[in-house]
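Q: The structure's right below; bear with me while I get my questions together.
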Number of protein chains: 2
Amino acid sequence: MPEKIADDSVGLVTPQRQRFTEALHLDCGRDLPEYEIIYETYGQLNAQASNAILICHALSGDHHAAGYHSMDERKPGWWENCIGPGKAIDTHRFFVVSLNNLGGCKGSTGPNTINPETNKPYGPDFPIVTVRDWVESQARLAKTLGIEQWAAVIGGSLGGMQALQWSLQYPDKVRHAVVIAAAPKLSAQNIAFNEVARQAILSDPDFHAGHYYEHQVVPRRGLILARMLGHITYLSDDAMRAKFGRELREGTLNFGFDEAEFQVESYLHYQGRSFVDRFDGNTYLLMTKALDYFDPASLHEHDLARALAHVTAKFLVISFTSDWRFSSARSREIVQALLHDRKTVSYMEVNANQGHDAFLLNIPQYINGFKAYMEHVAAEVNNDV
Amino acid sequence: MPEKIADDSVGLVTPQRQRFTEALHLDCGRDLPEYEIIYETYGQLNAQASNAILICHALSGDHHAAGYHSMDERKPGWWENCIGPGKAIDTHRFFVVSLNNLGGCKGSTGPNTINPETNKPYGPDFPIVTVRDWVESQARLAKTLGIEQWAAVIGGSLGGMQALQWSLQYPDKVRHAVVIAAAPKLSAQNIAFNEVARQAILSDPDFHAGHYYEHQVVPRRGLILARMLGHITYLSDDAMRAKFGRELREGTLNFGFDEAEFQVESYLHYQGRSFVDRFDGNTYLLMTKALDYFDPASLHEHDLARALAHVTAKFLVISFTSDWRFSSARSREIVQALLHDRKTVSYMEVNANQGHDAFLLNIPQYINGFKAYMEHVAAEVNNDV
């Protein structure tokens with residue numbers, strides 16, 4: 001619980017819901033006849049609706065990107081470092097929209113919501129959704145909010161992939177795309193890590209082929225393993241060394257398997273256990289597939305420059321030197337394709353030893369560069385007025 | 001099954017056993033009252049017993065390092081690339097000893113062998129063994145074989161740690177230590193990967209707190225996950241890209257979770273499944289703990305140079321550019337400590353994109369450099385004669 005909400009926080013926020021009754025045709029070939037999207041907004045939409053920013057979340061993110069749902073909430077939204085009055089995404093100047101993606105588990109229609117056709121949770125019957133599907137659903141949300149064009153679509157990691165996809169799926173509706181710690185597609189190693197996480201969940205006897213809701217259990221063991229593994233890939237080797245080294249929890253080896261011995265084990269256990277209480281196994285599976293499948297160049301003979309040929313957005317691409325999940329080289333693939341197409345792109349490689357997690361952290365070089373870019377975006381908006 | 005055994009293979013080999021009835025005092029404080037070691041030998045011990053080489057195995061290795069157990073055996077021993085007539089470890093010149101370590105599952109006393117005190121498998125009651133304990137048990141084996149001093153102790157990965165430990169635990173008994181793709185201790189990230197693998201096994205309901213033998217099951221799901229994860233760390237990102245890329249098994253996405261879609265998933269599934277049939281879960285746990293605990297500098301105020309101060313062996317240290325499990329930087333820590341102590345050390349960094357697995361592969365720069373060094377070792381042996 002915050003004793004007092006900081007002045008540069010958006011403060012207390014209330015999620016909103018939007019219901020859609022027009023069927024959404026999905027990449028997998030299936031239709032989602034109706035669905036709900038839960039979202040939050042921060043700041044005020046201007047009269048011209050020209051100052052709207054879309055925030056796209058990563059694998060385990062959700063709509064709660066900034067502020068607090070109540071004075072009892074222990075921590076603010078996941079991107080409090082970047083969203084708020086005077087921050088990089090300045091809520092004095094922008095109207096910020098942040099939603100939970102379809103297939104999520106925080107309120108938007110997904111595996112843990114009721115399938116109206118069966119009156120039971122969708123569970124494993126929820127269709128596999130892609131980044132393209134998400135952009136489609138986000139475009140419909142924009143329409144209901146009266147937003148014809150985003151001043152910027154912004155995201156980190158899987159969120160960055162959505163920003164990239166927006167720029168090519170709706171070139172007229174995105175003025176700026178901010179793609180942070182992302183990649184134009186997963187590598188074989190990225191897919192491999194996702195597959196180990198999926199198998200951990202799928203092979204958990206409590207998974208019950210995805211119908212665990214009806215058994216009053218969750219695939220706890222599998223989700224814990226998936227999250228532990230995820231955290232290894234979110235931190236750099238250096239960051240783990242700096243954070244934990246080979247420090248022992250109790251000072252001495254205990255020659256047993258019952259307890260975490262090294263601090264790093266204890267950290268992973270904590271991350272795994274706390275994740276189970278707030279995330280859904282079927283959603284985890286869906287999110288990893290959306291990651292694996294994302295590959296916009298595949299529709300253009302694996303030529304990313306061709307895939308981005310009709311993009312009109314201006315880009316800010318940001319990467320972090322110690323990110324080994326999506327290394328700077330992966331961001332440079334995007335930058336090079338855009339440059340090849342003579343698009344407008346700014347690229348910032350941030351010196352940071354925190355690994356992939358850096359995109360969520362308060363790192364001055366990152367925040368200042370991001371803020372400078374967003375001030376430029378805000379100035380454009382004001383000229384529009 | 002080999003149609004014909006190659007001329008440069010040691011050919012058909014028969015494992016041997018040695019029983020030890022003097023209790024072995026272990027690092028964990030417990031005594032192992034009696035135990036057996038299974039081992040193989042290749043080549044002939046010379047009259048002076050000066051041409052003996054000890055091969056130390058890695059996490060999932062065993063005593064069967066070269067040749068074939070029968071004409072029905074599909075593949076030769078795990079280091080056939082390096083051991084045989086005319087090879088780097090030339091069995092015309094050396095007497096090679098390769099054993100299964102204590103706690104292993106291929107014939108030496110371990111969790112899957114019978115505890116004489118209970119007449120049931122040791123299972124989880126088998127004590128945690130360390131690299132130091134292994135060296136102690138290997139020294140006893142050397143004694144029974146009439147070997148006062150090894151011409152060389154050689155190993156890759158966890159095997160390299162044993163070679164390093166030999167040089168400081170029994171400085172008079174090792175003329176050369178060949179430490180390949182190893183590290184002087186695990187990093188926090190290395191420990192983290194081990195811990196995820198352990199939790200996969202420990203949390204498998206079929207693990208039965210380690211007593212699964214009595215339930216006629218094995219912790220199959222956990223072992224598969226552990227092995228899949230292991231294989232990600234054995235291959236480099238580049239090697240995975242070269243080997244699998246984003247190739248789909250059936251050419252198109254299938255939008256489901258039932259089948260492996262990408263080739264890399266299929267590879268990991270195969271590696272996981274085949275591992276279950278040949279490896280024991282309790283042994284996997286023990287091997288990862290031996291890795292985690294190895295840290296000879298910890299007894300010398302975390303100063304590796306001090307730990308190695310009394311070493312008399314000459315060293316060959318080999319690392320591989322794309323190995324991210326134990327990077328070249330980790331090998332250089334060993335080299336620098338030895339140089340600080342004014343010891344004799346040769347260091348070879350091999351350009352190879354195969355990752356940690358490279359130490360098992362037939363890579364000319366590696367094999368040739370290794371062979372040249374071993375010819376020098378053989379020449380020393382002959383001068384002794």
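Labels used: A, B, ... for chains in the order of the structure tokens, numbers from 1 for residues in each chain, and numbers from 1 for ligands as shown.
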Per residue of segment 109-205 of chain B within 10 Å of segment 316-331 of chain B, note the shortest atom pair and the distance in Å to one decimal, counting only C-alpha atoms, and order the rows by chain and increasing residue number, as a Markdown table.
A:
```
| residue | atom | partner | partner_atom | distance |
| --- | --- | --- | --- | --- |
| B:Ile154 | CA | B:Leu316 | CA | 9.3 |
| B:Gly156 | CA | B:Ile318 | CA | 8.9 |
| B:Ser157 | CA | B:Phe326 | CA | 7.8 |
| B:Gly160 | CA | B:Val317 | CA | 8.9 |
| B:Leu164 | CA | B:Val317 | CA | 9.9 |
| B:His176 | CA | B:Leu316 | CA | 7.6 |
| B:Ala177 | CA | B:Leu316 | CA | 6.4 |
| B:Val178 | CA | B:Leu316 | CA | 4.7 |
| B:Val179 | CA | B:Val317 | CA | 4.9 |
| B:Ile180 | CA | B:Ile318 | CA | 4.7 |
| B:Ala181 | CA | B:Ser319 | CA | 4.8 |
| B:Ala182 | CA | B:Phe326 | CA | 5.8 |
| B:Ala183 | CA | B:Arg330 | CA | 5.0 |
| B:Pro184 | CA | B:Arg330 | CA | 7.0 |
| B:Lys185 | CA | B:Arg330 | CA | 8.4 |
| B:Leu186 | CA | B:Phe326 | CA | 8.2 |
| B:Ser187 | CA | B:Phe326 | CA | 8.9 |
| B:Gln189 | CA | B:Arg325 | CA | 8.9 |
| B:Asn190 | CA | B:Arg325 | CA | 7.0 |
| B:Phe193 | CA | B:Arg325 | CA | 9.8 |
```
Q: Restrict the distance test to only C-alpha atoms, flag each residue of chain A within 9 Å of chain B, and return the flagged residues as a CSV table (one decimal) with N, CA and C atoms, in the first residue's frame.
A:
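Printed below is iface.csv as written:
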```
chain,number,residue,atom,x,y,z
A,27,ASP,N,-6.4,-15.2,-37.2
A,27,ASP,CA,-5.4,-15.8,-38.1
A,27,ASP,C,-5.5,-17.3,-38.1
A,28,CYS,N,-6.0,-17.9,-37.0
A,28,CYS,CA,-6.0,-19.4,-36.9
A,28,CYS,C,-7.2,-19.9,-37.8
A,127,PRO,N,-9.2,-19.8,-28.8
A,127,PRO,CA,-8.3,-19.9,-30.0
A,127,PRO,C,-7.0,-19.3,-29.8
A,128,ILE,N,-6.0,-19.8,-30.5
A,128,ILE,CA,-4.7,-19.2,-30.5
A,128,ILE,C,-4.8,-17.8,-31.2
A,129,VAL,N,-4.3,-16.8,-30.5
A,129,VAL,CA,-4.4,-15.5,-31.1
A,129,VAL,C,-3.0,-15.0,-31.4
A,186,LEU,N,11.1,-14.3,-33.4
A,186,LEU,CA,11.9,-15.1,-32.4
A,186,LEU,C,13.0,-15.9,-33.1
A,187,SER,N,14.1,-16.1,-32.4
A,187,SER,CA,15.2,-17.0,-32.9
A,187,SER,C,14.8,-18.4,-32.4
A,188,ALA,N,15.5,-19.4,-33.0
A,188,ALA,CA,15.3,-20.8,-32.6
A,188,ALA,C,15.5,-21.0,-31.1
A,189,GLN,N,16.5,-20.3,-30.5
A,189,GLN,CA,16.7,-20.4,-29.1
A,189,GLN,C,15.5,-19.8,-28.3
A,190,ASN,N,15.0,-18.6,-28.8
A,190,ASN,CA,13.8,-18.0,-28.1
A,190,ASN,C,12.6,-19.0,-28.1
A,191,ILE,N,12.4,-19.6,-29.3
A,191,ILE,CA,11.3,-20.6,-29.4
A,191,ILE,C,11.6,-21.8,-28.4
A,192,ALA,N,12.8,-22.2,-28.4
A,192,ALA,CA,13.2,-23.3,-27.5
A,192,ALA,C,12.8,-23.1,-26.1
A,193,PHE,N,13.2,-21.9,-25.6
A,193,PHE,CA,12.8,-21.5,-24.2
A,193,PHE,C,11.3,-21.6,-24.0
A,195,GLU,N,9.2,-23.3,-25.6
A,195,GLU,CA,8.7,-24.7,-25.7
A,195,GLU,C,8.9,-25.4,-24.4
A,196,VAL,N,10.1,-25.2,-23.7
A,196,VAL,CA,10.3,-25.8,-22.4
A,196,VAL,C,9.2,-25.3,-21.4
A,197,ALA,N,9.0,-24.0,-21.4
A,197,ALA,CA,8.0,-23.4,-20.5
A,197,ALA,C,6.6,-24.0,-20.8
A,198,ARG,N,6.3,-24.2,-22.1
A,198,ARG,CA,5.0,-24.8,-22.5
A,198,ARG,C,4.9,-26.2,-22.0
A,199,GLN,N,5.9,-27.0,-22.2
A,199,GLN,CA,5.9,-28.4,-21.8
A,199,GLN,C,5.8,-28.5,-20.3
A,200,ALA,N,6.4,-27.6,-19.6
A,200,ALA,CA,6.3,-27.6,-18.1
A,200,ALA,C,4.8,-27.5,-17.7
A,202,LEU,N,2.0,-28.0,-19.9
A,202,LEU,CA,1.2,-29.0,-20.5
A,202,LEU,C,1.4,-30.4,-19.9
A,203,SER,N,2.6,-30.6,-19.3
A,203,SER,CA,2.9,-32.0,-18.7
A,203,SER,C,2.5,-32.0,-17.2
A,204,ASP,N,2.1,-30.9,-16.7
A,204,ASP,CA,1.7,-30.9,-15.3
A,204,ASP,C,0.4,-31.7,-15.1
A,205,PRO,N,0.4,-32.7,-14.3
A,205,PRO,CA,-0.9,-33.5,-14.2
A,205,PRO,C,-2.1,-32.6,-13.8
A,221,ARG,N,2.8,-26.4,-10.6
A,221,ARG,CA,4.2,-26.8,-10.8
A,221,ARG,C,4.7,-26.3,-12.1
A,222,GLY,N,3.9,-26.5,-13.2
A,222,GLY,CA,4.3,-26.1,-14.5
A,222,GLY,C,4.5,-24.6,-14.6
A,225,LEU,N,7.7,-23.4,-12.9
A,225,LEU,CA,8.9,-23.7,-13.7
A,225,LEU,C,9.0,-22.7,-14.9
A,226,ALA,N,7.8,-22.5,-15.5
A,226,ALA,CA,7.8,-21.6,-16.7
A,226,ALA,C,8.3,-20.2,-16.3
A,228,MET,N,10.1,-19.4,-13.5
A,228,MET,CA,11.5,-19.4,-13.1
A,228,MET,C,12.4,-19.3,-14.3
A,229,LEU,N,12.1,-20.1,-15.3
A,229,LEU,CA,12.9,-20.1,-16.6
A,229,LEU,C,12.8,-18.7,-17.3
A,232,ILE,N,15.2,-16.3,-15.8
A,232,ILE,CA,16.6,-16.4,-16.1
A,232,ILE,C,16.8,-15.6,-17.4
A,235,LEU,N,16.9,-11.6,-17.0
A,235,LEU,CA,18.1,-11.0,-16.4
A,235,LEU,C,19.4,-11.4,-17.2
A,236,SER,N,20.3,-10.5,-17.2
A,236,SER,CA,21.6,-10.9,-17.8
A,236,SER,C,22.4,-11.7,-16.8
A,237,ASP,N,23.4,-12.4,-17.4
A,237,ASP,CA,24.4,-13.1,-16.5
A,237,ASP,C,25.0,-12.2,-15.5
A,238,ASP,N,25.4,-11.0,-16.1
A,238,ASP,CA,26.0,-10.0,-15.2
A,238,ASP,C,25.1,-9.5,-14.1
A,240,MET,N,22.6,-11.1,-12.8
A,240,MET,CA,22.5,-12.1,-11.8
A,240,MET,C,23.7,-12.2,-10.9
A,241,ARG,N,24.9,-12.0,-11.5
A,241,ARG,CA,26.1,-12.0,-10.7
A,241,ARG,C,26.1,-10.8,-9.7
A,243,LYS,N,23.5,-9.2,-8.6
A,243,LYS,CA,22.4,-9.3,-7.7
A,243,LYS,C,22.6,-10.4,-6.6
A,244,PHE,N,23.1,-11.6,-7.1
A,244,PHE,CA,23.1,-12.7,-6.2
A,244,PHE,C,24.5,-13.4,-6.1
A,245,GLY,N,25.3,-13.2,-7.1
A,245,GLY,CA,26.6,-13.9,-7.0
A,245,GLY,C,26.4,-15.4,-6.7
A,246,ARG,N,27.3,-15.9,-5.8
A,246,ARG,CA,27.1,-17.3,-5.3
A,246,ARG,C,26.7,-17.2,-3.9
A,247,GLU,N,26.1,-16.2,-3.5
A,247,GLU,CA,25.7,-16.0,-2.0
A,247,GLU,C,24.8,-17.1,-1.6
A,253,LEU,N,26.6,-24.6,2.9
A,253,LEU,CA,26.0,-25.6,2.0
A,253,LEU,C,25.2,-26.5,3.0
A,254,ASN,N,24.0,-26.9,2.6
A,254,ASN,CA,23.3,-27.8,3.5
A,254,ASN,C,23.2,-29.3,2.9
A,255,PHE,N,23.8,-29.5,1.8
A,255,PHE,CA,23.9,-30.9,1.2
A,255,PHE,C,22.5,-31.6,1.1
A,256,GLY,N,21.5,-30.8,0.7
A,256,GLY,CA,20.2,-31.4,0.5
A,256,GLY,C,19.5,-30.7,-0.6
A,257,PHE,N,18.3,-31.3,-0.9
A,257,PHE,CA,17.5,-30.7,-2.0
A,257,PHE,C,16.2,-30.0,-1.4
A,260,ALA,N,16.1,-24.0,-0.9
A,260,ALA,CA,17.0,-23.2,-1.8
A,260,ALA,C,18.2,-22.9,-1.0
A,262,PHE,N,21.3,-21.3,-2.6
A,262,PHE,CA,21.9,-20.1,-3.1
A,262,PHE,C,20.8,-19.0,-3.2
A,263,GLN,N,21.2,-17.8,-3.1
A,263,GLN,CA,20.2,-16.7,-3.1
A,263,GLN,C,19.5,-16.6,-4.4
A,264,VAL,N,20.2,-17.0,-5.5
A,264,VAL,CA,19.5,-16.9,-6.8
A,264,VAL,C,18.4,-18.0,-6.9
A,265,GLU,N,18.5,-19.1,-6.2
A,265,GLU,CA,17.5,-20.1,-6.2
A,265,GLU,C,16.3,-19.6,-5.5
A,268,LEU,N,14.3,-17.1,-7.6
A,268,LEU,CA,13.5,-17.8,-8.6
A,268,LEU,C,12.3,-18.5,-8.0
A,285,LEU,N,0.4,-20.2,-22.2
A,285,LEU,CA,0.6,-20.9,-23.4
A,285,LEU,C,0.3,-20.0,-24.7
A,289,LYS,N,2.8,-18.7,-27.8
A,289,LYS,CA,2.6,-19.0,-29.2
A,289,LYS,C,2.5,-17.7,-30.0
A,293,TYR,N,5.0,-17.2,-33.2
A,293,TYR,CA,4.4,-17.0,-34.6
A,293,TYR,C,4.7,-15.7,-35.2
```
Q: Determine the nearest neighbour of Asp7 of chain A from the options A:Pro76, A:Pro85, A:Tyr68, A:Asn119, counting only C-alpha atoms.
A: A:Pro85
Q: Hey, what's within 10 Å of Ile367 of chain A if we count only C-alpha atoms and toss same-chain stuff fewer than 3 positions away? As a list in words, please?
A: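 Neighbouring residues, sequence-local ones excluded: Asn81, Cys82, Lys87, Ala88, Ile89, Val350, Phe359, Leu361, Asn362, Ile363, Pro364, Phe370, Lys371, Ala372 and Tyr373 of chain A.
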Q: Could you write out that same residue set with N, CA and C atoms as a compact mmCIF listing (two decimals), in the first residue's frame?
A:
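The resulting again-v8.txt:
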```
# COMPACT_ATOMS: atom_id res chain seq x y z
N ASN A 81 7.24 3.66 -14.12
CA ASN A 81 8.48 4.41 -14.39
C ASN A 81 8.37 5.32 -15.61
N CYS A 82 7.48 4.98 -16.52
CA CYS A 82 7.43 5.72 -17.79
C CYS A 82 6.13 6.47 -18.03
N LYS A 87 6.39 12.48 -16.94
CA LYS A 87 7.26 11.35 -17.28
C LYS A 87 7.41 11.22 -18.80
N ALA A 88 8.17 10.20 -19.24
CA ALA A 88 8.42 10.02 -20.67
C ALA A 88 7.10 10.02 -21.44
N ILE A 89 6.15 9.26 -20.94
CA ILE A 89 4.81 9.29 -21.54
C ILE A 89 3.97 10.17 -20.61
N VAL A 350 20.96 1.32 -25.24
CA VAL A 350 21.20 1.79 -23.88
C VAL A 350 22.22 0.88 -23.20
N PHE A 359 13.93 -2.80 -19.79
CA PHE A 359 12.90 -1.94 -20.41
C PHE A 359 11.85 -1.49 -19.41
N LEU A 361 12.75 -0.69 -16.23
CA LEU A 361 13.47 -0.07 -15.11
C LEU A 361 13.76 1.41 -15.34
N ASN A 362 14.08 2.04 -14.25
CA ASN A 362 14.35 3.47 -14.27
C ASN A 362 15.84 3.71 -14.54
N ILE A 363 16.22 3.63 -15.80
CA ILE A 363 17.62 3.78 -16.21
C ILE A 363 17.75 5.14 -16.91
N PRO A 364 18.52 6.06 -16.32
CA PRO A 364 18.49 7.44 -16.82
C PRO A 364 18.70 7.58 -18.33
N PHE A 370 14.10 8.41 -24.20
CA PHE A 370 12.69 8.11 -24.49
C PHE A 370 11.84 9.38 -24.30
N LYS A 371 12.11 10.08 -23.20
CA LYS A 371 11.35 11.29 -22.88
C LYS A 371 11.58 12.38 -23.94
N ALA A 372 12.83 12.52 -24.35
CA ALA A 372 13.14 13.53 -25.37
C ALA A 372 12.36 13.24 -26.65
N TYR A 373 12.32 11.97 -27.02
CA TYR A 373 11.58 11.59 -28.23
C TYR A 373 10.10 11.90 -28.08
```
Q: Find the residues around Thr21 of chain A up to 10 Å (only C-alpha atoms counted), leave out those fewer than 5 positions away in its own chain, and share them as an mmCIF file with N, CA, C and O atoms, in the first residue's frame.
A:
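The file below, around17.cif, is the result:
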```
data_model
loop_
_atom_site.group_PDB
_atom_site.id
_atom_site.type_symbol
_atom_site.label_atom_id
_atom_site.label_comp_id
_atom_site.auth_asym_id
_atom_site.auth_seq_id
_atom_site.Cartn_x
_atom_site.Cartn_y
_atom_site.Cartn_z
ATOM 1 N N LEU A 32 -14.056 -15.260 -33.341
ATOM 2 C CA LEU A 32 -14.465 -15.037 -31.957
ATOM 3 C C LEU A 32 -15.745 -14.211 -32.054
ATOM 4 O O LEU A 32 -15.701 -13.026 -32.419
ATOM 5 N N PRO A 33 -16.924 -14.827 -31.775
ATOM 6 C CA PRO A 33 -18.194 -14.143 -32.067
ATOM 7 C C PRO A 33 -18.367 -12.860 -31.261
ATOM 8 O O PRO A 33 -18.889 -11.880 -31.766
ATOM 9 N N GLU A 34 -17.950 -12.873 -30.012
ATOM 10 C CA GLU A 34 -18.067 -11.674 -29.186
ATOM 11 C C GLU A 34 -16.976 -11.708 -28.126
ATOM 12 O O GLU A 34 -16.451 -12.767 -27.796
ATOM 13 N N TYR A 35 -16.624 -10.556 -27.621
ATOM 14 C CA TYR A 35 -15.538 -10.515 -26.633
ATOM 15 C C TYR A 35 -15.551 -9.178 -25.907
ATOM 16 O O TYR A 35 -16.187 -8.216 -26.353
ATOM 17 N N GLU A 36 -14.855 -9.167 -24.786
ATOM 18 C CA GLU A 36 -14.686 -7.940 -24.006
ATOM 19 C C GLU A 36 -13.211 -7.608 -23.881
ATOM 20 O O GLU A 36 -12.366 -8.497 -23.816
#
```
Q: Enumerate, as JSON, numbers by chain, the complete set of residues in segment 61-274 of chain A that a backbone-based DSSP assignment places in strand (DSSP E).
A: {"A": [83, 84, 89, 90, 95, 96, 97, 98, 99, 114, 115, 120, 121, 152, 153, 154, 155, 156, 176, 177, 178, 179, 180]}
Q: Grab the atom CA of Val217 of chain A to atom CA of Pro121 of chain A distance for me, in Å with one decimal place.
A: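 Atom-to-atom, atom CA of Val217 of chain A and atom CA of Pro121 of chain A are spaced 13.6 Å apart.
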Q: For each of B:Glu214, B:Asp133, B:Glu3, B:Asp280, take the minimum atom-to-atom distance to Gly110 of chain B, counting only C-alpha atoms, then give the residue where this is smallest.
A: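 Smallest separation from Gly110 of chain B among the options: B:Asp280.
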Q: Taking 3 positions as the minimum chain separation for residues in the same chain, which residues sit within 10 Å of Leu338 of chain B when counting only C-alpha atoms? Answer as an MDAnalysis selection string.
A: chainID B and resid 304:309 311 314:315 332:335 341:345
Q: Grab the residues selected above and save them as a PDB file, in the first residue's frame with N, CA and C atoms.
A:
```pdb
ATOM      1  N   LEU B 304      41.385 -17.603  -6.534  1.00  0.00           N
ATOM      2  CA  LEU B 304      41.682 -18.828  -7.287  1.00  0.00           C
ATOM      3  C   LEU B 304      43.187 -19.041  -7.393  1.00  0.00           C
ATOM      4  N   ALA B 305      43.935 -17.956  -7.544  1.00  0.00           N
ATOM      5  CA  ALA B 305      45.396 -18.097  -7.632  1.00  0.00           C
ATOM      6  C   ALA B 305      45.935 -18.727  -6.350  1.00  0.00           C
ATOM      7  N   ARG B 306      45.397 -18.347  -5.212  1.00  0.00           N
ATOM      8  CA  ARG B 306      45.838 -18.972  -3.959  1.00  0.00           C
ATOM      9  C   ARG B 306      45.438 -20.444  -3.915  1.00  0.00           C
ATOM     10  N   ALA B 307      44.241 -20.743  -4.403  1.00  0.00           N
ATOM     11  CA  ALA B 307      43.781 -22.134  -4.407  1.00  0.00           C
ATOM     12  C   ALA B 307      44.714 -23.009  -5.236  1.00  0.00           C
ATOM     13  N   LEU B 308      45.277 -22.420  -6.296  1.00  0.00           N
ATOM     14  CA  LEU B 308      46.097 -23.198  -7.227  1.00  0.00           C
ATOM     15  C   LEU B 308      47.593 -23.048  -6.947  1.00  0.00           C
ATOM     16  N   ALA B 309      47.917 -22.439  -5.817  1.00  0.00           N
ATOM     17  CA  ALA B 309      49.328 -22.102  -5.535  1.00  0.00           C
ATOM     18  C   ALA B 309      50.231 -23.332  -5.512  1.00  0.00           C
ATOM     19  N   VAL B 311      49.766 -26.266  -7.039  1.00  0.00           N
ATOM     20  CA  VAL B 311      49.620 -27.122  -8.214  1.00  0.00           C
ATOM     21  C   VAL B 311      50.989 -27.344  -8.850  1.00  0.00           C
ATOM     22  N   LYS B 314      51.186 -29.393 -15.346  1.00  0.00           N
ATOM     23  CA  LYS B 314      51.108 -28.450 -16.449  1.00  0.00           C
ATOM     24  C   LYS B 314      49.691 -28.490 -16.992  1.00  0.00           C
ATOM     25  N   PHE B 315      49.234 -27.365 -17.498  1.00  0.00           N
ATOM     26  CA  PHE B 315      47.827 -27.262 -17.911  1.00  0.00           C
ATOM     27  C   PHE B 315      47.666 -27.009 -19.396  1.00  0.00           C
ATOM     28  N   ARG B 332      39.471 -18.343 -19.014  1.00  0.00           N
ATOM     29  CA  ARG B 332      40.582 -17.399 -18.817  1.00  0.00           C
ATOM     30  C   ARG B 332      40.795 -17.090 -17.336  1.00  0.00           C
ATOM     31  N   GLU B 333      39.739 -17.208 -16.535  1.00  0.00           N
ATOM     32  CA  GLU B 333      39.930 -17.043 -15.086  1.00  0.00           C
ATOM     33  C   GLU B 333      40.922 -18.086 -14.570  1.00  0.00           C
ATOM     34  N   ILE B 334      40.787 -19.309 -15.078  1.00  0.00           N
ATOM     35  CA  ILE B 334      41.703 -20.384 -14.654  1.00  0.00           C
ATOM     36  C   ILE B 334      43.108 -20.079 -15.163  1.00  0.00           C
ATOM     37  N   VAL B 335      43.186 -19.698 -16.442  1.00  0.00           N
ATOM     38  CA  VAL B 335      44.491 -19.415 -17.058  1.00  0.00           C
ATOM     39  C   VAL B 335      45.192 -18.285 -16.302  1.00  0.00           C
ATOM     40  N   ASP B 341      50.347 -17.516 -10.688  1.00  0.00           N
ATOM     41  CA  ASP B 341      51.153 -18.418  -9.849  1.00  0.00           C
ATOM     42  C   ASP B 341      52.416 -18.893 -10.574  1.00  0.00           C
ATOM     43  N   ARG B 342      52.664 -18.396 -11.781  1.00  0.00           N
ATOM     44  CA  ARG B 342      53.823 -18.793 -12.594  1.00  0.00           C
ATOM     45  C   ARG B 342      53.826 -20.285 -12.885  1.00  0.00           C
ATOM     46  N   LYS B 343      52.646 -20.825 -13.109  1.00  0.00           N
ATOM     47  CA  LYS B 343      52.539 -22.228 -13.510  1.00  0.00           C
ATOM     48  C   LYS B 343      52.649 -22.314 -15.039  1.00  0.00           C
ATOM     49  N   THR B 344      52.816 -23.538 -15.526  1.00  0.00           N
ATOM     50  CA  THR B 344      52.905 -23.755 -16.970  1.00  0.00           C
ATOM     51  C   THR B 344      51.503 -24.035 -17.519  1.00  0.00           C
ATOM     52  N   VAL B 345      51.041 -23.146 -18.378  1.00  0.00           N
ATOM     53  CA  VAL B 345      49.681 -23.330 -18.899  1.00  0.00           C
ATOM     54  C   VAL B 345      49.629 -22.940 -20.374  1.00  0.00           C
TER      55      VAL B 345
END
```
Q: Taking the DSSP secondary structure from the backbone, can you list the residues of segment 123-311 of chain A that are helix (DSSP H, G or I), as a ChimeraX atom specification?
A: /A:123-125,131-144,158-169,171-173,188-202,205-210,212-215,220-234,237-243,263-276,281-293,296-300,304-307
Q: Could you work out how far atom CA of Ala352 of chain A lies from atom CA of Gln365 of chain A, giving the answer in Å with one decimal?
A: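 Atom CA of Ala352 of chain A lies at a distance of 8.9 Å from atom CA of Gln365 of chain A.
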Q: What's the separation between atom CA of Ala52 of chain B and atom CA of Glu375 of chain B, in Å to one decimal place?
A: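 About the pair atom CA of Ala52 of chain B and atom CA of Glu375 of chain B: they are 13.8 Å apart.
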